[in-house]
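Novice: Supplied structure: model-v1.pdb, PDB, C-alpha atoms.
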```
ATOM      1  CA  MET A   1      -6.638 -37.698  15.339
ATOM      2  CA  LYS A   2      -7.664 -39.303  12.093
ATOM      3  CA  ARG A   3      -9.970 -37.337   9.797
ATOM      4  CA  SER A   4     -13.037 -38.820   8.191
ATOM      5  CA  LYS A   5     -12.939 -39.254   4.434
ATOM      6  CA  LYS A   6     -15.401 -36.378   3.996
ATOM      7  CA  GLU A   7     -13.297 -34.036   6.192
ATOM      8  CA  ARG A   8     -10.109 -35.043   4.387
ATOM      9  CA  GLN A   9     -11.688 -34.415   0.988
ATOM     10  CA  GLN A  10     -12.969 -30.994   2.069
ATOM     11  CA  GLN A  11      -9.469 -30.080   3.270
ATOM     12  CA  LEU A  12      -8.018 -31.472   0.040
ATOM     13  CA  ILE A  13     -10.288 -29.182  -2.006
ATOM     14  CA  HIS A  14      -9.290 -26.187   0.121
ATOM     15  CA  THR A  15      -5.558 -27.020  -0.031
ATOM     16  CA  ILE A  16      -5.528 -27.429  -3.819
ATOM     17  CA  LYS A  17      -7.573 -24.262  -4.288
ATOM     18  CA  ASN A  18      -4.963 -22.313  -2.289
ATOM     19  CA  ASN A  19      -1.992 -24.039  -3.946
ATOM     20  CA  PRO A  20      -2.825 -25.611  -7.332
ATOM     21  CA  PHE A  21       0.861 -26.542  -7.745
ATOM     22  CA  ILE A  22       0.968 -28.944  -4.781
ATOM     23  CA  THR A  23       1.980 -32.506  -5.656
ATOM     24  CA  ASP A  24       0.149 -35.695  -4.718
ATOM     25  CA  ASP A  25       3.191 -36.684  -2.616
ATOM     26  CA  ALA A  26       2.981 -33.447  -0.635
ATOM     27  CA  LEU A  27      -0.767 -33.916  -0.158
ATOM     28  CA  ALA A  28      -0.215 -37.476   1.057
ATOM     29  CA  ASN A  29       2.332 -36.234   3.609
ATOM     30  CA  LEU A  30       0.065 -33.384   4.691
ATOM     31  CA  PHE A  31      -2.935 -35.656   5.294
ATOM     32  CA  THR A  32      -0.895 -38.684   6.467
ATOM     33  CA  VAL A  33      -2.371 -40.974   3.828
ATOM     34  CA  SER A  34      -0.966 -42.846   0.849
ATOM     35  CA  VAL A  35      -0.472 -41.221  -2.544
ATOM     36  CA  GLN A  36      -3.017 -43.707  -3.886
ATOM     37  CA  THR A  37      -5.614 -42.393  -1.396
ATOM     38  CA  VAL A  38      -4.950 -38.827  -2.582
ATOM     39  CA  ARG A  39      -5.377 -39.920  -6.202
ATOM     40  CA  LEU A  40      -8.642 -41.706  -5.418
ATOM     41  CA  ASP A  41      -9.904 -38.636  -3.530
ATOM     42  CA  ARG A  42      -9.014 -36.402  -6.492
ATOM     43  CA  LEU A  43     -10.818 -38.762  -8.888
ATOM     44  CA  GLU A  44     -13.949 -38.798  -6.712
ATOM     45  CA  LEU A  45     -13.859 -35.004  -6.492
ATOM     46  CA  SER A  46     -13.087 -34.575 -10.222
ATOM     47  CA  ILE A  47      -9.876 -32.686  -9.395
ATOM     48  CA  PRO A  48      -7.401 -33.111 -12.252
ATOM     49  CA  GLU A  49      -3.812 -34.224 -11.763
ATOM     50  CA  LEU A  50      -1.098 -31.631 -11.213
ATOM     51  CA  ARG A  51      -0.070 -31.209 -14.852
ATOM     52  CA  GLU A  52      -3.663 -30.474 -15.865
ATOM     53  CA  ARG A  53      -4.076 -28.030 -12.974
ATOM     54  CA  ILE A  54      -0.936 -26.204 -14.092
ATOM     55  CA  LYS A  55      -2.238 -26.019 -17.658
ATOM     56  CA  HIS A  56      -5.538 -24.684 -16.349
ATOM     57  CA  VAL A  57      -3.792 -21.960 -14.340
ATOM     58  CA  ALA A  58      -1.788 -21.113 -17.441
ATOM     59  CA  SER A  59      -4.800 -21.383 -19.745
ATOM     60  CA  LYS A  60      -4.376 -17.939 -21.203
ATOM     61  CA  SER A  61      -1.707 -17.852 -23.882
ATOM     62  CA  PHE A  62       1.539 -16.256 -22.816
ATOM     63  CA  GLU A  63       2.935 -16.441 -26.358
ATOM     64  CA  ASP A  64       1.289 -13.149 -27.227
ATOM     65  CA  GLU A  65       2.223 -11.516 -23.923
ATOM     66  CA  VAL A  66       5.939 -12.241 -23.622
ATOM     67  CA  ARG A  67       7.741  -9.774 -25.888
ATOM     68  CA  SER A  68      11.420  -9.956 -24.942
ATOM     69  CA  LEU A  69      12.089 -13.590 -25.883
ATOM     70  CA  PRO A  70      10.284 -16.601 -27.348
ATOM     71  CA  LEU A  71       8.274 -18.415 -24.675
ATOM     72  CA  SER A  72      10.237 -21.568 -25.518
ATOM     73  CA  ASP A  73      13.373 -19.824 -24.201
ATOM     74  CA  VAL A  74      11.892 -19.454 -20.717
ATOM     75  CA  ILE A  75      13.411 -22.148 -18.510
ATOM     76  CA  GLY A  76      10.577 -23.944 -16.755
ATOM     77  CA  GLU A  77       6.877 -23.669 -17.490
ATOM     78  CA  MET A  78       5.426 -20.154 -17.430
ATOM     79  CA  VAL A  79       2.223 -20.142 -15.370
ATOM     80  CA  ASP A  80       1.551 -16.428 -14.851
ATOM     81  CA  ILE A  81       2.777 -13.098 -16.156
ATOM     82  CA  GLU A  82       1.842  -9.448 -15.973
ATOM     83  CA  LEU A  83       4.396  -7.543 -18.039
ATOM     84  CA  ASP A  84       6.538  -5.027 -16.142
ATOM     85  CA  GLU A  85       4.977  -6.291 -12.898
ATOM     86  CA  ARG A  86       5.408  -9.980 -12.070
ATOM     87  CA  ALA A  87       5.796 -13.493 -13.476
ATOM     88  CA  ILE A  88       5.849 -17.095 -12.230
ATOM     89  CA  SER A  89       7.405 -20.232 -13.681
ATOM     90  CA  ILE A  90       7.704 -23.840 -12.528
ATOM     91  CA  PHE A  91      10.775 -26.015 -13.089
ATOM     92  CA  ASP A  92      10.806 -29.739 -12.290
ATOM     93  CA  VAL A  93      14.283 -31.050 -11.450
ATOM     94  CA  LYS A  94      15.023 -34.190 -13.476
ATOM     95  CA  SER A  95      18.051 -36.465 -13.734
ATOM     96  CA  GLU A  96      19.610 -34.347 -16.498
ATOM     97  CA  HIS A  97      19.665 -31.315 -14.171
ATOM     98  CA  ILE A  98      21.596 -32.856 -11.266
ATOM     99  CA  PHE A  99      25.055 -33.911 -10.214
ATOM    100  CA  GLN A 100      24.843 -37.706 -10.302
ATOM    101  CA  ARG A 101      27.016 -38.167  -7.219
ATOM    102  CA  ASN A 102      24.772 -36.311  -4.767
ATOM    103  CA  GLN A 103      21.460 -35.811  -6.668
ATOM    104  CA  ILE A 104      21.687 -32.005  -6.176
ATOM    105  CA  ALA A 105      20.568 -29.701  -8.999
ATOM    106  CA  ARG A 106      23.296 -27.807 -10.816
ATOM    107  CA  GLY A 107      23.133 -24.111  -9.936
ATOM    108  CA  HIS A 108      23.079 -22.908 -13.514
ATOM    109  CA  HIS A 109      19.600 -24.407 -13.969
ATOM    110  CA  LEU A 110      18.226 -22.374 -11.042
ATOM    111  CA  PHE A 111      19.972 -19.277 -12.392
ATOM    112  CA  ALA A 112      18.637 -19.936 -15.909
ATOM    113  CA  GLN A 113      15.071 -20.244 -14.624
ATOM    114  CA  ALA A 114      15.356 -16.998 -12.645
ATOM    115  CA  ASN A 115      17.212 -15.074 -15.362
ATOM    116  CA  SER A 116      14.858 -16.110 -18.169
ATOM    117  CA  LEU A 117      11.903 -15.103 -15.979
ATOM    118  CA  ALA A 118      13.533 -11.696 -15.325
ATOM    119  CA  VAL A 119      13.893 -11.235 -19.100
ATOM    120  CA  ALA A 120      10.358 -12.459 -19.856
ATOM    121  CA  VAL A 121       8.679 -10.030 -17.438
ATOM    122  CA  ILE A 122      10.124  -7.005 -19.318
ATOM    123  CA  ASN A 123       7.588  -5.378 -21.634
ATOM    124  CA  ASP A 124       9.992  -4.632 -24.464
ATOM    125  CA  GLU A 125      11.340  -6.214 -27.643
ATOM    126  CA  LEU A 126      14.834  -6.392 -26.180
ATOM    127  CA  ALA A 127      15.803  -7.113 -22.585
ATOM    128  CA  LEU A 128      19.305  -8.098 -21.507
ATOM    129  CA  THR A 129      20.804  -8.854 -18.121
ATOM    130  CA  VAL A 130      23.302  -6.155 -17.141
ATOM    131  CA  LYS A 131      24.115  -7.352 -13.646
ATOM    132  CA  SER A 132      22.851  -9.873 -11.113
ATOM    133  CA  THR A 133      23.359 -10.630  -7.449
ATOM    134  CA  LEU A 134      22.568 -14.221  -6.525
ATOM    135  CA  SER A 135      22.146 -16.294  -3.388
ATOM    136  CA  PHE A 136      21.802 -20.061  -3.479
ATOM    137  CA  VAL A 137      20.029 -20.522  -0.148
ATOM    138  CA  LYS A 138      19.383 -24.261   0.017
ATOM    139  CA  PRO A 139      20.247 -27.279  -2.174
ATOM    140  CA  VAL A 140      17.610 -28.406  -4.653
ATOM    141  CA  LYS A 141      17.365 -32.129  -5.310
ATOM    142  CA  LEU A 142      16.145 -34.550  -7.928
ATOM    143  CA  GLY A 143      12.350 -34.535  -8.069
ATOM    144  CA  ASP A 144      11.941 -31.092  -6.511
ATOM    145  CA  ARG A 145       9.523 -28.610  -8.076
ATOM    146  CA  VAL A 146      11.021 -25.106  -8.140
ATOM    147  CA  ILE A 147       8.543 -22.236  -8.276
ATOM    148  CA  ALA A 148      10.211 -18.977  -9.306
ATOM    149  CA  LYS A 149       8.433 -15.660  -8.779
ATOM    150  CA  ALA A 150       9.749 -12.479 -10.399
ATOM    151  CA  PHE A 151       8.728  -8.979  -9.331
ATOM    152  CA  VAL A 152       9.692  -5.693 -10.995
ATOM    153  CA  THR A 153      10.920  -3.500  -8.130
ATOM    154  CA  ARG A 154      12.109  -0.342  -9.899
ATOM    155  CA  LYS A 155      12.442   1.312 -13.315
ATOM    156  CA  ASP A 156      15.045   3.846 -14.380
ATOM    157  CA  GLN A 157      13.867   5.447 -17.632
ATOM    158  CA  GLU A 158      16.977   7.588 -18.099
ATOM    159  CA  LYS A 159      19.279   4.557 -18.172
ATOM    160  CA  ASN A 160      16.763   2.172 -19.795
ATOM    161  CA  ARG A 161      17.003  -0.138 -16.780
ATOM    162  CA  THR A 162      14.448  -2.270 -14.972
ATOM    163  CA  PHE A 163      15.230  -3.989 -11.679
ATOM    164  CA  VAL A 164      13.730  -7.413 -11.029
ATOM    165  CA  GLU A 165      13.826  -9.588  -7.907
ATOM    166  CA  VAL A 166      13.350 -13.334  -8.292
ATOM    167  CA  THR A 167      12.683 -15.724  -5.439
ATOM    168  CA  SER A 168      12.608 -19.470  -6.042
ATOM    169  CA  THR A 169      11.020 -21.881  -3.596
ATOM    170  CA  VAL A 170      10.578 -25.616  -3.111
ATOM    171  CA  GLU A 171       7.575 -26.516  -0.955
ATOM    172  CA  ASN A 172       7.378 -22.893   0.242
ATOM    173  CA  GLU A 173      11.041 -22.834   1.385
ATOM    174  CA  ILE A 174      13.345 -20.329  -0.319
ATOM    175  CA  VAL A 175      16.128 -22.053  -2.268
ATOM    176  CA  PHE A 176      17.368 -19.201  -4.495
ATOM    177  CA  GLU A 177      17.197 -15.406  -4.544
ATOM    178  CA  GLY A 178      18.371 -13.073  -7.263
ATOM    179  CA  GLN A 179      18.347  -9.372  -8.027
ATOM    180  CA  PHE A 180      18.638  -8.572 -11.716
ATOM    181  CA  GLU A 181      19.418  -5.259 -13.388
ATOM    182  CA  MET A 182      17.928  -5.483 -16.863
ATOM    183  CA  PHE A 183      18.665  -3.315 -19.919
ATOM    184  CA  ARG A 184      15.669  -2.621 -22.127
ATOM    185  CA  ALA A 185      15.533  -1.160 -25.648
ATOM    186  CA  ASN A 186      15.141   2.588 -26.157
ATOM    187  CA  GLU A 187      11.456   2.356 -27.083
ATOM    188  CA  ALA A 188      10.700   1.599 -23.433
ATOM    189  CA  SER A 189      12.043   4.958 -22.381
ATOM    190  CA  LYS A 190       9.833   6.813 -24.860
ATOM    191  CA  GLY A 191       6.749   6.601 -22.706
ATOM    192  CA  GLU A 192       5.892   2.918 -22.238
ATOM    193  CA  LEU A 193       7.210   2.942 -18.677
ATOM    194  CA  LYS A 194       5.214   4.677 -16.038
TER     195      LYS A 194
END
```
I'd like the structure from this file rewritten - as structure tokens, please.
Specialist:
Amino acid sequence: MKRSKKERQQQLIHTIKNNPFITDDALANLFTVSVQTVRLDRLELSIPELRERIKHVASKSFEDEVRSLPLSDVIGEMVDIELDERAISIFDVKSEHIFQRNQIARGHHLFAQANSLAVAVINDELALTVKSTLSFVKPVKLGDRVIAKAFVTRKDQEKNRTFVEVTSTVENEIVFEGQFEMFRANEASKGELK
């Protein structure tokens, strides 16, 4: 059953509100319309394009929040962070990130996104990866948008360790999972950790 323009636009508003990182292509597939129709709907509704929505979500400056590395060293675009709790980054797979023969992203890019996010979430001047356990769940291809979410799961003050789990998804399907054991500088063990 085809939706009216008004119904489609109401659902478009709701969908983008729930997932500001959704692409016009994904919206077109969801509503069974052309990408051009989605763009026209967004213009009529004054909904900015994806890049602007991402910047809006990331409007607060993370430069002052990330302590363990320069923000420019985070692979992908940081869109949310709460130090020693959680962080989110977005990585768009481009031609320089893939194997040319099969258009599949090289694994080290997915690892780099996850690992840099695990470092960035640590509230300390120094954070280093001690150990990681990784699972590449599904191939990532040219044009995919990888959303990595990091969560601090445990802290060991005696050993100056923080444990971080990172899950990366493409269109809500898990493509990568990693558990990271992170070393943090001694100042963290002097009372900063709860």
Novice: Kindly indicate which residue among A:Ile22, A:Val74, A:Ala28, A:Gln9 lies nearest to Leu45 of chain A, using all atoms listed in the file for the distances.
Specialist: A:Gln9
Novice: Might you pull out every residue within 8 Å of segment 112-116 of chain A, with only C-alpha atoms counted and same-chain residues fewer than 6 positions away left off, and present them as a list in words?
Specialist: Asp73, Val74, Ile75, Gly76, Ser89, Phe91, Thr129, Ala148, Ala150, Val166, Thr167, Ser168, Gly178 and Phe180 of chain A
Novice: For the selection you just gave me, I'd like the residues written to a file as a short mmCIF file (atom, residue, chain, number, x, y, z; two decimals), keeping the file's coordinate frame, keeping C-alpha atoms.
Specialist:
```
data_model
loop_
_atom_site.label_atom_id
_atom_site.label_comp_id
_atom_site.auth_asym_id
_atom_site.auth_seq_id
_atom_site.Cartn_x
_atom_site.Cartn_y
_atom_site.Cartn_z
CA ASP A 73 13.37 -19.82 -24.20
CA VAL A 74 11.89 -19.45 -20.72
CA ILE A 75 13.41 -22.15 -18.51
CA GLY A 76 10.58 -23.94 -16.76
CA SER A 89 7.40 -20.23 -13.68
CA PHE A 91 10.78 -26.02 -13.09
CA THR A 129 20.80 -8.85 -18.12
CA ALA A 148 10.21 -18.98 -9.31
CA ALA A 150 9.75 -12.48 -10.40
CA VAL A 166 13.35 -13.33 -8.29
CA THR A 167 12.68 -15.72 -5.44
CA SER A 168 12.61 -19.47 -6.04
CA GLY A 178 18.37 -13.07 -7.26
CA PHE A 180 18.64 -8.57 -11.72
#
```
Novice: What is the distance between atom CA of Arg106 of chain A and atom CA of Pro139 of chain A, in Å to one decimal?
Specialist: 9.2 Å
Novice: Run the PyMOL selection byres ((chain A and resi 159) around 10) on the file and write out the hits as number ranges by chain.
Specialist: A: 155-158, 160-162, 183-184, 186, 189
Novice: Can you work out the spacing between atom CA of Asp25 of chain A and atom CA of Arg8 of chain A in Å, to one decimal?
Specialist: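 If I compute the distance from atom CA of Asp25 of chain A to atom CA of Arg8 of chain A, I get 15.1 Å.
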Novice: Report, in Å to a single decimal, how far apart atom CA of Lys2 of chain A and atom CA of Arg145 of chain A are.
Specialist: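 That distance, rounded to one decimal, is 28.6 Å.
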Novice: Counting all atoms listed in the file, figure out which residue out of A:Ile174, A:Leu12, A:Ala105, A:Val66 gets nearest to Leu126 of chain A.
Specialist: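 Closest to Leu126 of chain A of all the choices is A:Val66.
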Novice: For the point (11.5, -8.8, -14.8) in file coordinates, what residues are within 9 Å, counting only C-alpha atoms? Give the answer as a PyMOL selection string?
Specialist: chain A and resi 83-87+115-123+150-153+162-166+180-182
Novice: Measuring atom to atom with all atoms listed in the file, identify which of A:Val130, A:Ile104, A:Leu27, A:Ile90 is nearest to Val170 of chain A.
Specialist: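 Residue with the minimum atom-to-atom distance to Val170 of chain A: A:Ile90.
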Novice: From the set A:Asp41, A:Glu77, A:Arg154, A:Phe176, which residue has the shortest atom-to-atom contact distance to His108 of chain A, counting all atoms listed in the file?
Specialist: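 Of A:Asp41, A:Glu77, A:Arg154, A:Phe176, the one nearest His108 of chain A is A:Phe176, counting all atoms listed in the file.
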Novice: Segment 163-167 of chain A, all listed atoms, 4 Å padding on each side: what axis-aligned box centre and edge lengths in Å to one decimal come out, as AutoDock Vina command-line options?
Specialist:
```
--center_x 14.0 --center_y -9.9 --center_z -8.6 --size_x 10.5 --size_y 19.7 --size_z 14.2
```
Novice: Around the point (14.7, -26.5, -11.1) in the file's coordinates, collect all residues with an atom within 6 Å, using only C-alpha atoms, and return them as an mmCIF file with C-alpha atoms, in the frame of the given file.
Specialist:
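That gives us out25.cif:
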```cif
data_model
loop_
_atom_site.group_PDB
_atom_site.id
_atom_site.type_symbol
_atom_site.label_atom_id
_atom_site.label_comp_id
_atom_site.auth_asym_id
_atom_site.auth_seq_id
_atom_site.Cartn_x
_atom_site.Cartn_y
_atom_site.Cartn_z
ATOM 1 C CA PHE A 91 10.775 -26.015 -13.089
ATOM 2 C CA ASP A 92 10.806 -29.739 -12.290
ATOM 3 C CA VAL A 93 14.283 -31.050 -11.450
ATOM 4 C CA LEU A 110 18.226 -22.374 -11.042
ATOM 5 C CA VAL A 146 11.021 -25.106 -8.140
#
```
Novice: Using all atoms listed in the file, which residue out of A:Ala26, A:Ala185, A:Ile88, A:Ala127 lies closest to Asp144 of chain A?
Specialist: A:Ala26
Novice: Looking at A:His109, A:Arg51, A:Val137, A:Lys149, which one is nearest to Glu82 of chain A, with distances taken over all atoms listed in the file?
Specialist: A:Lys149
Novice: Find the residues near Arg53 of chain A: any atom within 8 Å, counting all atoms listed in the file, skip ones fewer than 4 places away on the same chain, and give them as a JSON list (two decimals) with C-alpha atoms, keeping the file's coordinate frame.
Specialist:
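So the final result, stored in result17.json, reads:
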```
[["chain", "number", "residue", "atom", "x", "y", "z"],
["A", 20, "PRO", "CA", -2.82, -25.61, -7.33],
["A", 21, "PHE", "CA", 0.86, -26.54, -7.74],
["A", 48, "PRO", "CA", -7.40, -33.11, -12.25],
["A", 49, "GLU", "CA", -3.81, -34.22, -11.76],
["A", 57, "VAL", "CA", -3.79, -21.96, -14.34]]
```
Novice: With the file shown as input, list the residues that the PyMOL selection byres ((chain A and resi 136) around 7) selects, as a list of chain:residue names.
Specialist: A:Leu134, A:Ser135, A:Val137, A:Lys138, A:Val175, A:Phe176, A:Glu177
